[in-house]
file my_file_26.pdb (PDB, C-alpha atoms)
ATOM      1  CA  MET A   1     -18.442  -2.126 -20.138
ATOM      2  CA  SER A   2     -18.486  -0.524 -16.705
ATOM      3  CA  VAL A   3     -15.875  -1.254 -14.084
ATOM      4  CA  GLN A   4     -18.482  -3.039 -11.967
ATOM      5  CA  GLN A   5     -19.228  -5.431 -14.856
ATOM      6  CA  GLN A   6     -15.577  -6.383 -15.289
ATOM      7  CA  ASN A   7     -14.050  -9.365 -13.563
ATOM      8  CA  LEU A   8     -12.175  -7.446 -10.883
ATOM      9  CA  SER A   9     -12.478  -9.941  -8.059
ATOM     10  CA  PRO A  10     -11.443  -9.534  -5.273
ATOM     11  CA  THR A  11     -11.517  -5.752  -5.747
ATOM     12  CA  GLN A  12     -15.018  -5.640  -7.237
ATOM     13  CA  GLU A  13     -16.751  -5.587  -3.854
ATOM     14  CA  ILE A  14     -14.420  -2.849  -2.653
ATOM     15  CA  TYR A  15     -15.341  -0.651  -5.594
ATOM     16  CA  LYS A  16     -19.056  -1.175  -5.067
ATOM     17  CA  LYS A  17     -18.645   0.322  -1.619
ATOM     18  CA  ILE A  18     -16.598   3.372  -2.633
ATOM     19  CA  SER A  19     -17.667   3.991  -6.249
ATOM     20  CA  LYS A  20     -19.403   7.198  -5.169
ATOM     21  CA  PHE A  21     -16.043   8.668  -4.152
ATOM     22  CA  VAL A  22     -13.666   7.174  -6.738
ATOM     23  CA  PRO A  23     -14.277   7.748 -10.473
ATOM     24  CA  GLU A  24     -14.117   4.709 -12.784
ATOM     25  CA  ALA A  25     -11.105   6.164 -14.592
ATOM     26  CA  GLU A  26      -9.179   6.320 -11.311
ATOM     27  CA  TRP A  27     -10.315   2.872 -10.230
ATOM     28  CA  LYS A  28      -8.774   1.312 -13.322
ATOM     29  CA  ILE A  29      -5.434   2.543 -11.952
ATOM     30  CA  HIS A  30      -6.161   1.721  -8.311
ATOM     31  CA  ALA A  31      -7.514  -1.836  -8.715
ATOM     32  CA  PRO A  32      -4.306  -3.591  -9.880
ATOM     33  CA  LEU A  33      -2.288  -1.740  -7.238
ATOM     34  CA  ILE A  34      -4.711  -2.855  -4.527
ATOM     35  CA  GLU A  35      -4.512  -6.480  -5.682
ATOM     36  CA  LYS A  36      -0.718  -6.377  -5.722
ATOM     37  CA  ILE A  37      -0.465  -4.709  -2.307
ATOM     38  CA  ASN A  38      -2.856  -7.181  -0.696
ATOM     39  CA  LYS A  39      -0.889 -10.089  -2.203
ATOM     40  CA  ILE A  40       2.565  -8.851  -1.163
ATOM     41  CA  LYS A  41       1.607  -7.924   2.395
ATOM     42  CA  LYS A  42       0.527 -11.541   2.997
ATOM     43  CA  GLU A  43       3.750 -12.881   1.516
ATOM     44  CA  LYS A  44       5.839 -10.595   3.730
ATOM     45  CA  ASN A  45       3.702 -10.962   6.867
ATOM     46  CA  ALA A  46       3.086  -7.234   6.835
ATOM     47  CA  ILE A  47       0.104  -5.329   8.211
ATOM     48  CA  ILE A  48      -1.233  -2.039   6.897
ATOM     49  CA  LEU A  49      -2.603   0.420   9.458
ATOM     50  CA  ALA A  50      -4.573   3.378   8.105
ATOM     51  CA  HIS A  51      -5.832   6.501   9.801
ATOM     52  CA  ASN A  52      -9.391   7.662   9.195
ATOM     53  CA  TYR A  53      -8.126  10.567   7.073
ATOM     54  CA  GLN A  54      -6.712   8.285   4.381
ATOM     55  CA  THR A  55      -8.435   8.186   0.998
ATOM     56  CA  PRO A  56     -11.176   5.565   0.437
ATOM     57  CA  GLU A  57      -9.077   3.351  -1.860
ATOM     58  CA  ILE A  58      -6.522   3.017   0.957
ATOM     59  CA  TYR A  59      -8.959   2.966   3.884
ATOM     60  CA  HIS A  60     -11.314   0.394   2.339
ATOM     61  CA  GLY A  61      -8.951  -1.193  -0.181
ATOM     62  CA  VAL A  62      -5.716  -2.223   1.507
ATOM     63  CA  ALA A  63      -5.901  -1.376   5.215
ATOM     64  CA  ASP A  64      -6.020  -4.264   7.664
ATOM     65  CA  ILE A  65      -6.886  -1.885  10.496
ATOM     66  CA  SER A  66      -8.538   1.509   9.949
ATOM     67  CA  ALA A  67      -8.895   3.635  13.053
ATOM     68  CA  ASP A  68      -8.008   6.750  15.039
ATOM     69  CA  SER A  69      -4.626   7.416  16.652
ATOM     70  CA  LEU A  70      -5.322   5.589  19.915
ATOM     71  CA  ALA A  71      -6.714   2.462  18.284
ATOM     72  CA  LEU A  72      -3.835   2.343  15.801
ATOM     73  CA  ALA A  73      -1.350   2.510  18.673
ATOM     74  CA  VAL A  74      -3.118  -0.335  20.453
ATOM     75  CA  GLU A  75      -3.354  -2.452  17.298
ATOM     76  CA  ALA A  76       0.338  -1.899  16.587
ATOM     77  CA  SER A  77       1.158  -3.379  19.986
ATOM     78  CA  LYS A  78      -1.027  -6.445  19.372
ATOM     79  CA  THR A  79      -0.054  -7.382  15.829
ATOM     80  CA  LYS A  80       1.849 -10.582  15.084
ATOM     81  CA  ALA A  81       3.025  -9.185  11.756
ATOM     82  CA  ASP A  82       6.755  -8.736  11.203
ATOM     83  CA  LYS A  83       6.334  -5.437   9.404
ATOM     84  CA  ILE A  84       3.976  -2.494   9.879
ATOM     85  CA  ILE A  85       3.110  -0.048   7.105
ATOM     86  CA  MET A  86       1.610   3.091   8.639
ATOM     87  CA  CYS A  87      -0.713   4.918   6.283
ATOM     88  CA  GLY A  88      -0.891   8.130   8.217
ATOM     89  CA  VAL A  89       1.643  10.758   9.228
ATOM     90  CA  HIS A  90       5.110  10.622  10.744
ATOM     91  CA  PHE A  91       4.181  10.814  14.440
ATOM     92  CA  MET A  92       1.802   7.868  13.956
ATOM     93  CA  ALA A  93       4.579   5.752  12.481
ATOM     94  CA  GLU A  94       6.849   6.739  15.367
ATOM     95  CA  THR A  95       4.129   5.812  17.843
ATOM     96  CA  ALA A  96       3.761   2.400  16.211
ATOM     97  CA  LYS A  97       7.519   1.923  16.564
ATOM     98  CA  LEU A  98       7.315   2.863  20.243
ATOM     99  CA  MET A  99       4.581   0.298  20.781
ATOM    100  CA  CYS A 100       6.549  -2.520  19.158
ATOM    101  CA  PRO A 101      10.237  -1.550  18.937
ATOM    102  CA  GLU A 102      11.224  -5.066  17.866
ATOM    103  CA  LYS A 103       9.248  -4.790  14.618
ATOM    104  CA  LYS A 104      10.034  -2.926  11.416
ATOM    105  CA  VAL A 105       7.763   0.078  10.905
ATOM    106  CA  PHE A 106       7.537   1.935   7.603
ATOM    107  CA  LEU A 107       5.959   5.194   6.426
ATOM    108  CA  PRO A 108       5.229   5.350   2.669
ATOM    109  CA  ASP A 109       6.296   9.019   2.505
ATOM    110  CA  MET A 110       8.661  10.528   5.081
ATOM    111  CA  GLN A 111       7.355  14.004   4.212
ATOM    112  CA  ALA A 112       3.932  13.123   5.632
ATOM    113  CA  GLY A 113       4.242  15.371   8.663
ATOM    114  CA  CYS A 114       1.780  17.235  10.884
ATOM    115  CA  SER A 115       1.377  20.919  11.724
ATOM    116  CA  LEU A 116       0.654  20.050  15.360
ATOM    117  CA  SER A 117       3.650  17.791  15.710
ATOM    118  CA  ASN A 118       5.853  20.406  14.063
ATOM    119  CA  SER A 119       4.680  23.118  16.468
ATOM    120  CA  ILE A 120       6.707  21.836  19.422
ATOM    121  CA  THR A 121       9.997  20.065  20.137
ATOM    122  CA  GLY A 122      11.435  18.083  22.993
ATOM    123  CA  GLU A 123      13.588  21.100  23.893
ATOM    124  CA  ASP A 124      10.444  23.244  24.156
ATOM    125  CA  VAL A 125       8.992  20.767  26.635
ATOM    126  CA  LYS A 126      12.181  20.796  28.700
ATOM    127  CA  LEU A 127      11.929  24.595  28.982
ATOM    128  CA  LEU A 128       8.277  24.383  30.020
ATOM    129  CA  LYS A 129       9.170  21.854  32.714
ATOM    130  CA  GLN A 130      11.813  24.251  34.014
ATOM    131  CA  LYS A 131       9.271  27.085  34.063
ATOM    132  CA  PHE A 132       6.641  24.968  35.837
ATOM    133  CA  PRO A 133       8.637  22.548  38.005
ATOM    134  CA  GLY A 134       6.737  19.546  39.242
ATOM    135  CA  VAL A 135       3.752  20.095  36.942
ATOM    136  CA  PRO A 136       3.026  16.907  34.965
ATOM    137  CA  VAL A 137       3.061  17.035  31.169
ATOM    138  CA  VAL A 138       0.214  15.635  29.102
ATOM    139  CA  SER A 139       1.017  15.536  25.396
ATOM    140  CA  TYR A 140      -1.417  14.878  22.600
ATOM    141  CA  VAL A 141      -0.386  11.784  20.644
ATOM    142  CA  ASN A 142       0.065  14.152  17.669
ATOM    143  CA  THR A 143       3.649  14.835  18.742
ATOM    144  CA  SER A 144       7.124  13.580  17.911
ATOM    145  CA  ALA A 145       8.905  10.838  19.835
ATOM    146  CA  ASP A 146      11.233  13.515  21.259
ATOM    147  CA  VAL A 147       8.249  15.298  22.804
ATOM    148  CA  LYS A 148       6.766  12.040  24.072
ATOM    149  CA  ALA A 149      10.110  11.294  25.746
ATOM    150  CA  GLU A 150       9.664  14.451  27.870
ATOM    151  CA  THR A 151       6.016  13.636  28.613
ATOM    152  CA  ASP A 152       4.417  11.993  31.643
ATOM    153  CA  VAL A 153       1.443  10.626  29.735
ATOM    154  CA  CYS A 154       0.070  10.973  26.217
ATOM    155  CA  CYS A 155      -3.570  11.362  25.260
ATOM    156  CA  THR A 156      -5.829  11.491  22.234
ATOM    157  CA  SER A 157      -8.883  13.662  21.689
ATOM    158  CA  ALA A 158     -10.893  10.606  22.759
ATOM    159  CA  ASN A 159      -9.435  10.391  26.253
ATOM    160  CA  ALA A 160      -7.830  13.813  26.884
ATOM    161  CA  VAL A 161     -10.117  14.777  29.785
ATOM    162  CA  LYS A 162      -9.877  11.297  31.313
ATOM    163  CA  VAL A 163      -6.073  11.364  31.114
ATOM    164  CA  VAL A 164      -5.823  14.807  32.715
ATOM    165  CA  GLU A 165      -8.106  13.836  35.581
ATOM    166  CA  SER A 166      -6.321  10.516  36.101
ATOM    167  CA  LEU A 167      -3.258  12.411  37.357
ATOM    168  CA  ASN A 168      -5.164  13.715  40.412
ATOM    169  CA  VAL A 169      -3.409  17.087  40.378
ATOM    170  CA  ASP A 170      -4.717  20.646  40.235
ATOM    171  CA  LYS A 171      -2.552  21.748  37.300
ATOM    172  CA  VAL A 172      -1.112  20.160  34.129
ATOM    173  CA  ILE A 173       0.918  21.251  31.124
ATOM    174  CA  PHE A 174      -1.180  20.230  28.103
ATOM    175  CA  LEU A 175       0.496  20.128  24.680
ATOM    176  CA  PRO A 176       0.423  21.158  21.878
ATOM    177  CA  ASP A 177      -3.078  21.918  20.494
ATOM    178  CA  GLN A 178      -4.476  25.140  21.931
ATOM    179  CA  TYR A 179      -8.062  24.345  20.925
ATOM    180  CA  LEU A 180      -8.026  20.842  22.381
ATOM    181  CA  ALA A 181      -6.516  22.402  25.520
ATOM    182  CA  ASP A 182      -9.406  24.873  25.606
ATOM    183  CA  TYR A 183     -11.892  22.015  25.189
ATOM    184  CA  VAL A 184     -10.266  20.075  28.046
ATOM    185  CA  ALA A 185     -10.190  23.154  30.271
ATOM    186  CA  LYS A 186     -13.939  23.570  29.819
ATOM    187  CA  ASN A 187     -14.576  19.961  30.784
ATOM    188  CA  THR A 188     -12.405  19.656  33.886
ATOM    189  CA  LYS A 189     -11.565  21.640  37.023
ATOM    190  CA  VAL A 190      -7.849  21.046  36.484
ATOM    191  CA  LYS A 191      -5.925  24.172  35.492
ATOM    192  CA  ILE A 192      -4.542  23.785  31.974
ATOM    193  CA  ILE A 193      -1.226  25.337  30.909
ATOM    194  CA  SER A 194      -1.400  25.215  27.118
ATOM    195  CA  TRP A 195       0.750  25.667  24.015
ATOM    196  CA  LYS A 196      -0.083  27.566  20.816
ATOM    197  CA  GLY A 197      -0.126  24.673  18.361
ATOM    198  CA  THR A 198      -2.957  24.136  15.879
ATOM    199  CA  CYS A 199      -4.096  21.693  13.215
ATOM    200  CA  ILE A 200      -4.069  23.304   9.762
ATOM    201  CA  VAL A 201      -7.217  21.375   8.845
ATOM    202  CA  HIS A 202      -9.412  22.076  11.863
ATOM    203  CA  GLU A 203      -8.391  25.671  12.498
ATOM    204  CA  GLN A 204      -9.777  26.720   9.110
ATOM    205  CA  PHE A 205     -13.402  26.276  10.138
ATOM    206  CA  THR A 206     -15.326  29.151  11.755
ATOM    207  CA  GLY A 207     -18.444  29.358  13.896
ATOM    208  CA  LYS A 208     -20.055  31.663  11.317
ATOM    209  CA  GLU A 209     -19.639  29.022   8.610
ATOM    210  CA  ILE A 210     -21.285  26.445  10.827
ATOM    211  CA  GLU A 211     -24.248  28.712  11.526
ATOM    212  CA  GLU A 212     -24.647  29.386   7.800
ATOM    213  CA  ILE A 213     -24.611  25.674   6.991
ATOM    214  CA  LYS A 214     -27.233  25.014   9.672
ATOM    215  CA  ALA A 215     -29.441  27.791   8.260
ATOM    216  CA  GLU A 216     -29.161  26.334   4.747
ATOM    217  CA  ASN A 217     -29.770  22.756   5.908
ATOM    218  CA  PRO A 218     -32.600  22.589   8.480
ATOM    219  CA  GLY A 219     -32.319  19.560  10.750
ATOM    220  CA  ILE A 220     -28.685  18.862   9.940
ATOM    221  CA  LYS A 221     -26.456  17.556  12.729
ATOM    222  CA  ILE A 222     -23.060  19.239  12.943
ATOM    223  CA  ILE A 223     -20.348  17.118  14.555
ATOM    224  CA  ALA A 224     -17.068  18.861  15.393
ATOM    225  CA  HIS A 225     -13.623  17.678  16.391
ATOM    226  CA  PRO A 226     -12.118  19.160  19.607
ATOM    227  CA  GLU A 227      -9.206  20.526  17.538
ATOM    228  CA  CYS A 228     -11.663  23.048  16.079
ATOM    229  CA  PRO A 229     -11.849  26.617  17.456
ATOM    230  CA  PRO A 230     -14.215  27.177  20.415
ATOM    231  CA  ASP A 231     -16.814  29.054  18.332
ATOM    232  CA  VAL A 232     -17.086  26.058  16.001
ATOM    233  CA  ILE A 233     -17.605  23.657  18.885
ATOM    234  CA  ALA A 234     -20.191  26.008  20.421
ATOM    235  CA  ALA A 235     -22.139  26.134  17.155
ATOM    236  CA  SER A 236     -22.068  22.359  16.684
ATOM    237  CA  ASP A 237     -24.489  19.727  17.963
ATOM    238  CA  PHE A 238     -21.769  17.398  19.186
ATOM    239  CA  ALA A 239     -18.019  17.561  19.719
ATOM    240  CA  GLY A 240     -15.958  14.424  19.944
ATOM    241  CA  SER A 241     -12.863  12.555  18.906
ATOM    242  CA  THR A 242     -12.454  10.847  15.560
ATOM    243  CA  SER A 243     -13.871   7.618  16.990
ATOM    244  CA  GLY A 244     -16.584   9.559  18.819
ATOM    245  CA  MET A 245     -17.712  11.224  15.593
ATOM    246  CA  ILE A 246     -17.851   7.878  13.801
ATOM    247  CA  ASP A 247     -19.821   6.286  16.637
ATOM    248  CA  TYR A 248     -22.279   9.201  16.661
ATOM    249  CA  VAL A 249     -23.151   8.662  13.000
ATOM    250  CA  LYS A 250     -23.230   4.868  13.309
ATOM    251  CA  ASN A 251     -25.463   4.830  16.386
ATOM    252  CA  LYS A 252     -27.774   7.796  15.738
ATOM    253  CA  GLN A 253     -28.038   7.561  11.923
ATOM    254  CA  PRO A 254     -28.999  11.245  11.445
ATOM    255  CA  LYS A 255     -30.772  12.030   8.175
ATOM    256  CA  LYS A 256     -28.215  14.694   7.304
ATOM    257  CA  VAL A 257     -24.844  15.342   8.914
ATOM    258  CA  MET A 258     -21.650  17.319   8.550
ATOM    259  CA  LEU A 259     -18.393  16.162  10.101
ATOM    260  CA  VAL A 260     -16.254  19.196  10.854
ATOM    261  CA  THR A 261     -12.971  17.502  10.105
ATOM    262  CA  GLU A 262     -10.879  16.178   7.219
ATOM    263  CA  CYS A 263     -12.623  15.432   3.905
ATOM    264  CA  SER A 264     -11.639  11.817   3.414
ATOM    265  CA  MET A 265     -12.972  10.866   6.825
ATOM    266  CA  SER A 266     -16.423  11.981   5.685
ATOM    267  CA  ASP A 267     -16.101   9.816   2.566
ATOM    268  CA  ASN A 268     -15.040   6.794   4.615
ATOM    269  CA  VAL A 269     -17.812   7.206   7.186
ATOM    270  CA  GLU A 270     -20.392   7.762   4.437
ATOM    271  CA  ALA A 271     -19.308   4.539   2.729
ATOM    272  CA  ASP A 272     -20.097   2.701   5.969
ATOM    273  CA  ASN A 273     -23.384   4.585   6.509
ATOM    274  CA  PRO A 274     -25.138   4.778   3.105
ATOM    275  CA  ASN A 275     -28.470   5.855   4.605
ATOM    276  CA  VAL A 276     -27.016   9.087   5.983
ATOM    277  CA  SER A 277     -26.736  12.180   3.793
ATOM    278  CA  PHE A 278     -23.415  14.016   4.219
ATOM    279  CA  ILE A 279     -22.637  17.677   3.681
ATOM    280  CA  LYS A 280     -18.909  17.676   3.025
ATOM    281  CA  PRO A 281     -16.234  19.965   4.419
ATOM    282  CA  CYS A 282     -13.492  20.842   1.945
ATOM    283  CA  ASN A 283     -10.446  20.887   4.205
ATOM    284  CA  LEU A 284      -7.979  18.276   3.057
ATOM    285  CA  CYS A 285      -4.898  17.398   5.086
ATOM    286  CA  PRO A 286      -1.975  17.855   2.662
ATOM    287  CA  TYR A 287       0.212  15.609   4.809
ATOM    288  CA  MET A 288      -2.220  12.683   4.854
ATOM    289  CA  LYS A 289      -2.633  13.036   1.100
ATOM    290  CA  LYS A 290       1.080  12.379   0.553
ATOM    291  CA  ILE A 291       0.288   8.712   1.109
ATOM    292  CA  ASN A 292      -0.964   6.868  -1.970
ATOM    293  CA  LEU A 293      -1.164   3.329  -3.319
ATOM    294  CA  LYS A 294       2.004   3.578  -5.418
ATOM    295  CA  LYS A 295       4.032   4.685  -2.392
ATOM    296  CA  ILE A 296       2.525   1.927  -0.258
ATOM    297  CA  LEU A 297       3.473  -0.649  -2.901
ATOM    298  CA  ASN A 298       7.011   0.698  -3.152
ATOM    299  CA  CYS A 299       7.284   0.625   0.628
ATOM    300  CA  LEU A 300       6.204  -3.025   0.692
ATOM    301  CA  GLU A 301       8.343  -4.192  -2.212
ATOM    302  CA  ASN A 302      11.554  -2.357  -1.305
ATOM    303  CA  GLU A 303      11.064  -1.833   2.452
ATOM    304  CA  THR A 304      11.890   1.855   2.139
ATOM    305  CA  ASN A 305      11.334   4.621   4.698
ATOM    306  CA  GLU A 306      11.820   2.590   7.838
ATOM    307  CA  ILE A 307      11.281   4.454  11.112
ATOM    308  CA  ILE A 308      14.502   4.426  13.130
ATOM    309  CA  LEU A 309      14.575   5.623  16.745
ATOM    310  CA  ASP A 310      17.426   5.334  19.217
ATOM    311  CA  SER A 311      16.951   3.086  22.240
ATOM    312  CA  LYS A 312      17.076   5.971  24.737
ATOM    313  CA  THR A 313      14.217   7.812  23.004
ATOM    314  CA  ILE A 314      12.195   4.622  22.661
ATOM    315  CA  GLU A 315      12.569   3.787  26.353
ATOM    316  CA  ALA A 316      11.536   7.281  27.516
ATOM    317  CA  ALA A 317       8.776   7.931  24.984
ATOM    318  CA  ARG A 318       7.255   4.458  25.175
ATOM    319  CA  LYS A 319       6.309   4.942  28.819
ATOM    320  CA  SER A 320       4.030   7.899  28.089
ATOM    321  CA  VAL A 321       2.269   6.042  25.250
ATOM    322  CA  ILE A 322       1.812   2.816  27.230
ATOM    323  CA  ARG A 323       0.346   4.842  30.078
ATOM    324  CA  MET A 324      -2.140   6.382  27.622
ATOM    325  CA  THR A 325      -3.280   2.996  26.344
ATOM    326  CA  GLU A 326      -3.686   1.707  29.897
ATOM    327  CA  ILE A 327      -6.054   4.572  30.706
ATOM    328  CA  GLY A 328      -8.084   3.837  27.556
ATOM    329  CA  ARG A 329     -10.940   5.911  26.177
TER     330      ARG A 329
END
call {"tool": "encode", "arguments": {"input": "my_file_26.pdb", "output": "structure tokens"}}
result
Amino acid sequence: MSVQQQNLSPTQEIYKKISKFVPEAEWKIHAPLIEKINKIKKEKNAIILAHNYQTPEIYHGVADISADSLALAVEASKTKADKIIMCGVHFMAETAKLMCPEKKVFLPDMQAGCSLSNSITGEDVKLLKQKFPGVPVVSYVNTSADVKAETDVCCTSANAVKVVESLNVDKVIFLPDQYLADYVAKNTKVKIISWKGTCIVHEQFTGKEIEEIKAENPGIKIIAHPECPPDVIAASDFAGSTSGMIDYVKNKQPKKVMLVTECSMSDNVEADNPNVSFIKPCNLCPYMKKINLKKILNCLENETNEIILDSKTIEAARKSVIRMTEIGR
């Protein structure tokens, strides 16, 4: 008897949607965990927020809100839940805590970090501010709370250009992704002072690879993330944020597409757009993949890995995040 023929309600419909990406053998393990997680989160008035890079069984199975960094920050501020489980990486959990400091925020694995966030510290930002006195600091949301505390306003890849131009200055310090900084510099007249941080997922792609994929797949649409190197963006048909990439596929429904980003995002977008054929990248984020159903369940049951920030950091860092959400996309 196949998994789809078994009485797996309410998980049966979930599996129908993601069966292409999750083998039956794995689903037999996932299904009872999903049922238990969805039961306990209601009992504890907890909400599960999941980033687009989470695996399909998390993204489609237990997440109450699945979105990019900006949307997750906004949803964290609006939730009436007592507890927030962030299925993402550490800076995202910190950001959720900044948005609602009165709530308990948990991260299923404290080792779920980020190469971008790790590339810069609050002390680094202080030194930059000394070197460029009076120049406002725009920090990508992919940064620690310590960095956000030294920041004038945060941004995401969705609103980076809009945030920079909202300051009405001729020069900004833009941290920490060098490729996103390059992308912003090409789309604004504001002078960008950048940092040498990179995303270990997006920096692996090359323009040559994109050209080869286009040659092998006539008519394919290549959609790149701004964290990719400039030659990748130049070779692509469209460059946009996580939400922008999703909207492109949803609205344009290309016959064949490749999302130049993290693997699981392609799986999740494909599940929502079954009429589109996807050519998959193979760059997994090892940090995002530290989150799994067993860790989420443990986090819910035992309330482990709570995000703790001191009041001084929360007060300073919260301002830059709130300002970002007020500017919007």
call {"tool": "residues_around", "arguments": {"input": "my_file_26.pdb", "residues": "A:Ala316", "least_positions_apart": "6", "cutoff": "8 Å", "atoms": "all atoms listed in the file", "output": "list of chain:residue names"}}
result
A:Lys148, A:Ala149, A:Glu150
call {"tool": "resolve_selection", "arguments": {"input": "my_file_26.pdb", "expression": "the PyMOL selection byres ((chain A and resi 31-44) around 7)", "output": "PyMOL selection string"}}
result
chain A and resi 11+27-30+45-47+61-62+293+297+300
call {"tool": "write_last_selection", "arguments": {"input": "my_file_26.pdb", "atoms": "C-alpha atoms", "output": "PDB file, keeping the file's coordinate frame"}}
result
ATOM      1  CA  THR A  11     -11.517  -5.752  -5.747  1.00  0.00           C
ATOM      2  CA  TRP A  27     -10.315   2.872 -10.230  1.00  0.00           C
ATOM      3  CA  LYS A  28      -8.774   1.312 -13.322  1.00  0.00           C
ATOM      4  CA  ILE A  29      -5.434   2.543 -11.952  1.00  0.00           C
ATOM      5  CA  HIS A  30      -6.161   1.721  -8.311  1.00  0.00           C
ATOM      6  CA  ASN A  45       3.702 -10.962   6.867  1.00  0.00           C
ATOM      7  CA  ALA A  46       3.086  -7.234   6.835  1.00  0.00           C
ATOM      8  CA  ILE A  47       0.104  -5.329   8.211  1.00  0.00           C
ATOM      9  CA  GLY A  61      -8.951  -1.193  -0.181  1.00  0.00           C
ATOM     10  CA  VAL A  62      -5.716  -2.223   1.507  1.00  0.00           C
ATOM     11  CA  LEU A 293      -1.164   3.329  -3.319  1.00  0.00           C
ATOM     12  CA  LEU A 297       3.473  -0.649  -2.901  1.00  0.00           C
ATOM     13  CA  LEU A 300       6.204  -3.025   0.692  1.00  0.00           C
TER      14      LEU A 300
END
call {"tool": "resolve_selection", "arguments": {"input": "my_file_26.pdb", "expression": "the PyMOL selection byres ((chain A and resi 125) around 9)", "output": "list in words"}}
result
Ile120, Thr121, Gly122, Glu123, Asp124, Lys126, Leu127, Leu128, Lys129, Gln130, Val137, Val147, Glu150, Thr151 and Leu175 of chain A
call {"tool": "atom_distance", "arguments": {"input": "my_file_26.pdb", "atom1": "atom CA of A:Ser243", "atom2": "atom CA of A:Met92"}}
result
16.0 Å
call {"tool": "axis_aligned_box", "arguments": {"input": "my_file_26.pdb", "around": "stretch 31-38 of chain A", "padding_each_side": "5 Å", "output": "JSON"}}
result
{"center_x": -4.0, "center_y": -4.5, "center_z": -5.3, "size_x": 17.0, "size_y": 15.4, "size_z": 19.2}
call {"tool": "atom_distance", "arguments": {"input": "my_file_26.pdb", "atom1": "atom CA of A:Val164", "atom2": "atom CA of A:Lys191"}}
result
9.8 Å
call {"tool": "residues_around", "arguments": {"input": "my_file_26.pdb", "residues": "A:Glu315", "least_positions_apart": "5", "cutoff": "12 Å", "atoms": "all atoms listed in the file", "output": "number ranges by chain"}}
result
A: 97-101, 145-146, 148-150, 309-310, 320-322
call {"tool": "decode", "arguments": {"input": "my_file_26.pdb", "residues": "stretch 120-131 of chain A", "atoms": "N, CA, C and O atoms", "output": "tab-separated table (two decimals), in the first residue's frame"}}
result
chain	number	residue	atom	x	y	z
A	120	ILE	N	30.85	39.91	9.86
A	120	ILE	CA	31.01	41.25	10.43
A	120	ILE	C	30.47	41.28	11.86
A	120	ILE	O	29.53	40.54	12.19
A	121	THR	N	31.07	42.12	12.69
A	121	THR	CA	30.64	42.27	14.08
A	121	THR	C	30.26	43.71	14.37
A	121	THR	O	30.55	44.62	13.58
A	122	GLY	N	29.65	43.90	15.51
A	122	GLY	CA	29.31	45.26	15.93
A	122	GLY	C	30.54	46.13	16.06
A	122	GLY	O	30.52	47.33	15.73
A	123	GLU	N	31.65	45.56	16.53
A	123	GLU	CA	32.91	46.30	16.65
A	123	GLU	C	33.42	46.74	15.29
A	123	GLU	O	33.96	47.85	15.15
A	124	ASP	N	33.26	45.89	14.28
A	124	ASP	CA	33.66	46.26	12.91
A	124	ASP	C	32.88	47.49	12.45
A	124	ASP	O	33.44	48.41	11.82
A	125	VAL	N	31.61	47.51	12.75
A	125	VAL	CA	30.76	48.64	12.33
A	125	VAL	C	31.18	49.92	13.05
A	125	VAL	O	31.23	51.01	12.45
A	126	LYS	N	31.51	49.81	14.32
A	126	LYS	CA	31.98	50.97	15.07
A	126	LYS	C	33.23	51.57	14.43
A	126	LYS	O	33.36	52.80	14.31
A	127	LEU	N	34.15	50.71	13.99
A	127	LEU	CA	35.38	51.18	13.34
A	127	LEU	C	35.08	51.85	12.01
A	127	LEU	O	35.70	52.87	11.66
A	128	LEU	N	34.13	51.30	11.26
A	128	LEU	CA	33.74	51.91	9.99
A	128	LEU	C	33.13	53.29	10.21
A	128	LEU	O	33.38	54.23	9.46
A	129	LYS	N	32.33	53.41	11.25
A	129	LYS	CA	31.70	54.70	11.56
A	129	LYS	C	32.74	55.74	11.97
A	129	LYS	O	32.59	56.94	11.69
A	130	GLN	N	33.82	55.27	12.61
A	130	GLN	CA	34.91	56.19	12.95
A	130	GLN	C	35.66	56.62	11.69
A	130	GLN	O	36.09	57.77	11.57
A	131	LYS	N	35.81	55.70	10.75
A	131	LYS	CA	36.53	55.98	9.51
A	131	LYS	C	35.73	56.90	8.59
A	131	LYS	O	36.29	57.72	7.85
